[in-house]
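Novice: Sharing query32.cif here; it has mmCIF, C-alpha atoms.
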data_target
loop_
_atom_site.label_atom_id
_atom_site.label_comp_id
_atom_site.auth_asym_id
_atom_site.auth_seq_id
_atom_site.Cartn_x
_atom_site.Cartn_y
_atom_site.Cartn_z
CA ALA A 1 -5.53 -4.74 30.07
CA ALA A 2 -4.05 -6.36 26.96
CA ASP A 3 -0.75 -7.04 28.74
CA GLU A 4 -2.55 -8.72 31.63
CA ALA A 5 -4.70 -10.86 29.32
CA ALA A 6 -1.65 -11.93 27.29
CA ALA A 7 0.27 -12.85 30.43
CA GLU A 8 -2.71 -14.83 31.74
CA HIS A 9 -2.72 -16.99 28.59
CA ALA A 10 1.10 -17.18 28.25
CA ILE A 11 1.11 -15.11 25.04
CA ASP A 12 4.13 -13.02 24.07
CA LEU A 13 2.50 -9.69 23.17
CA GLN A 14 4.60 -7.31 21.09
CA VAL A 15 3.22 -3.91 20.14
CA ILE A 16 4.85 -2.48 17.03
CA ALA A 17 4.47 1.30 16.88
CA LYS A 18 5.10 3.58 13.93
CA PRO A 19 8.43 5.38 14.00
CA GLU A 20 8.37 9.01 15.18
CA GLY A 21 7.90 11.50 12.35
CA GLN A 22 7.04 8.83 9.79
CA LYS A 23 6.35 10.13 6.30
CA GLY A 24 5.17 7.63 3.75
CA PHE A 25 5.34 3.83 3.84
CA VAL A 26 7.48 2.05 6.41
CA LEU A 27 7.58 -1.74 6.57
CA LEU A 28 6.65 -2.93 10.06
CA PRO A 29 8.09 -6.26 11.21
CA ARG A 30 5.82 -9.33 11.00
CA ARG A 31 2.83 -7.24 9.87
CA TRP A 32 2.65 -9.30 6.68
CA VAL A 33 1.74 -12.42 8.68
CA VAL A 34 -1.44 -10.81 9.97
CA GLU A 35 -2.35 -9.33 6.59
CA ARG A 36 -1.79 -12.70 4.89
CA SER A 37 -4.01 -14.43 7.44
CA PHE A 38 -6.80 -11.90 6.87
CA GLY A 39 -6.47 -12.50 3.12
CA TRP A 40 -6.79 -16.25 3.59
CA ALA A 41 -9.85 -15.85 5.82
CA ALA A 42 -11.52 -13.58 3.24
CA ARG A 43 -11.95 -16.61 0.96
CA PHE A 44 -14.59 -18.03 3.30
CA ARG A 45 -17.89 -16.36 2.45
CA ARG A 46 -19.45 -17.22 5.81
CA LEU A 47 -16.91 -14.97 7.55
CA ALA A 48 -17.80 -11.96 5.38
CA ARG A 49 -21.00 -11.20 7.30
CA ASP A 50 -21.96 -11.45 10.93
CA TYR A 51 -25.35 -13.14 11.04
CA GLU A 52 -24.75 -15.27 14.14
CA ARG A 53 -26.61 -14.65 17.38
CA LEU A 54 -23.80 -15.96 19.56
CA ALA A 55 -20.19 -14.82 19.46
CA VAL A 56 -19.09 -18.41 20.08
CA THR A 57 -20.63 -19.45 16.75
CA MET A 58 -18.57 -16.90 14.84
CA GLN A 59 -15.48 -17.91 16.79
CA GLN A 60 -15.99 -21.53 15.77
CA PHE A 61 -16.43 -20.55 12.10
CA HIS A 62 -13.08 -18.75 12.25
CA PHE A 63 -11.50 -21.79 13.89
CA PHE A 64 -12.93 -24.07 11.21
CA ALA A 65 -11.73 -21.77 8.41
CA PHE A 66 -8.16 -21.64 9.70
CA VAL A 67 -8.00 -25.39 10.38
CA THR A 68 -9.16 -25.94 6.80
CA LEU A 69 -6.47 -23.57 5.50
CA LEU A 70 -3.72 -25.16 7.57
CA LEU A 71 -4.71 -28.66 6.48
CA ALA A 72 -4.70 -27.58 2.83
CA LYS A 73 -1.23 -26.06 3.20
CA GLY A 74 0.16 -29.23 4.76
CA VAL A 75 1.02 -27.70 8.13
CA PHE A 76 -0.25 -30.76 9.97
CA LYS A 77 1.76 -33.81 8.91
CA ALA A 78 0.40 -37.28 9.50
CA THR A 79 2.79 -39.44 11.49
CA SER A 80 2.60 -43.16 11.97
CA PRO A 81 3.53 -44.72 15.33
#
Let's see the structure in the file written out as structure tokens.

Specialist:
Amino acid sequence: AADEAAAEHAIDLQVIAKPEGQKGFVLLPRRWVVERSFGWAARFRRLARDYERLAVTMQQFHFFAFVTLLLAKGVFKATSP
């Protein structure tokens, strides 16, 4: 189901599995990006609890939080015509 949903939205889905017989810590590729994003989102207190009645409301709070973070980090550059 995840493969079909990703293909429907033109998303390149890559599943990273643990190596066979893993003992101890093994660095998984690109995992740090997800963990960093969760850390950034944790700074927004509104995202810490789920008090919303509608899922769309919580989705929009996440969108707002990440737009705020990206603007603060200078990801979106202003260009003049």

Novice: Once the PyMOL selection byres ((chain A and resi 53-67) around 10) is applied to the coordinates I shared, what remains selected? I want it as a ChimeraX atom specification.

Specialist: /A:37,40-44,46-47,49-52,68-73,75-76

Novice: So how far away is CA of Trp32 (chain A) from CA of Glu20 (chain A), in Å?

Specialist: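 The value is 21.0 Å.
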
Novice: Take CA of Glu35 (chain A) and CA of Lys18 (chain A) and report the distance between them in Å, one decimal.

Specialist: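 The value is 16.6 Å.
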
Novice: Just to confirm, what's the straight-line distance from CA of Ala17 (chain A) to CA of Ala1 (chain A) in Å (one decimal)?

Specialist: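 Spanning CA of Ala17 (chain A) to CA of Ala1 (chain A) is a straight-line distance of 17.6 Å.
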
Novice: Please write as a PDB file with C-alpha atoms, keeping the file's coordinate frame the full residue list that the PyMOL selection byres ((chain A and resi 2) around 12) yields on this file.

Specialist:
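Produced file result.pdb, reproduced below:
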ATOM      1  CA  ALA A   1      -5.530  -4.740  30.070  1.00  0.00           C
ATOM      2  CA  ASP A   3      -0.750  -7.040  28.740  1.00  0.00           C
ATOM      3  CA  GLU A   4      -2.550  -8.720  31.630  1.00  0.00           C
ATOM      4  CA  ALA A   5      -4.700 -10.860  29.320  1.00  0.00           C
ATOM      5  CA  ALA A   6      -1.650 -11.930  27.290  1.00  0.00           C
ATOM      6  CA  ALA A   7       0.270 -12.850  30.430  1.00  0.00           C
ATOM      7  CA  GLU A   8      -2.710 -14.830  31.740  1.00  0.00           C
ATOM      8  CA  HIS A   9      -2.720 -16.990  28.590  1.00  0.00           C
ATOM      9  CA  ILE A  11       1.110 -15.110  25.040  1.00  0.00           C
ATOM     10  CA  ASP A  12       4.130 -13.020  24.070  1.00  0.00           C
ATOM     11  CA  LEU A  13       2.500  -9.690  23.170  1.00  0.00           C
ATOM     12  CA  GLN A  14       4.600  -7.310  21.090  1.00  0.00           C
ATOM     13  CA  VAL A  15       3.220  -3.910  20.140  1.00  0.00           C
TER      14      VAL A  15
END

Novice: What's around Ile16 (chain A) at 10 Å? Count only C-alpha atoms, leave out sequence neighbours fewer than 4 positions away in its own chain, and write the answer as a PyMOL selection string.

Specialist: chain A and resi 28-31

Novice: Deliver the residues from the most recent selection as a file, using C-alpha atoms, as a PDB file, in the frame of the given file.

Specialist:
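What landed in result03.pdb:
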ATOM      1  CA  LEU A  28       6.650  -2.930  10.060  1.00  0.00           C
ATOM      2  CA  PRO A  29       8.090  -6.260  11.210  1.00  0.00           C
ATOM      3  CA  ARG A  30       5.820  -9.330  11.000  1.00  0.00           C
ATOM      4  CA  ARG A  31       2.830  -7.240   9.870  1.00  0.00           C
TER       5      ARG A  31
END
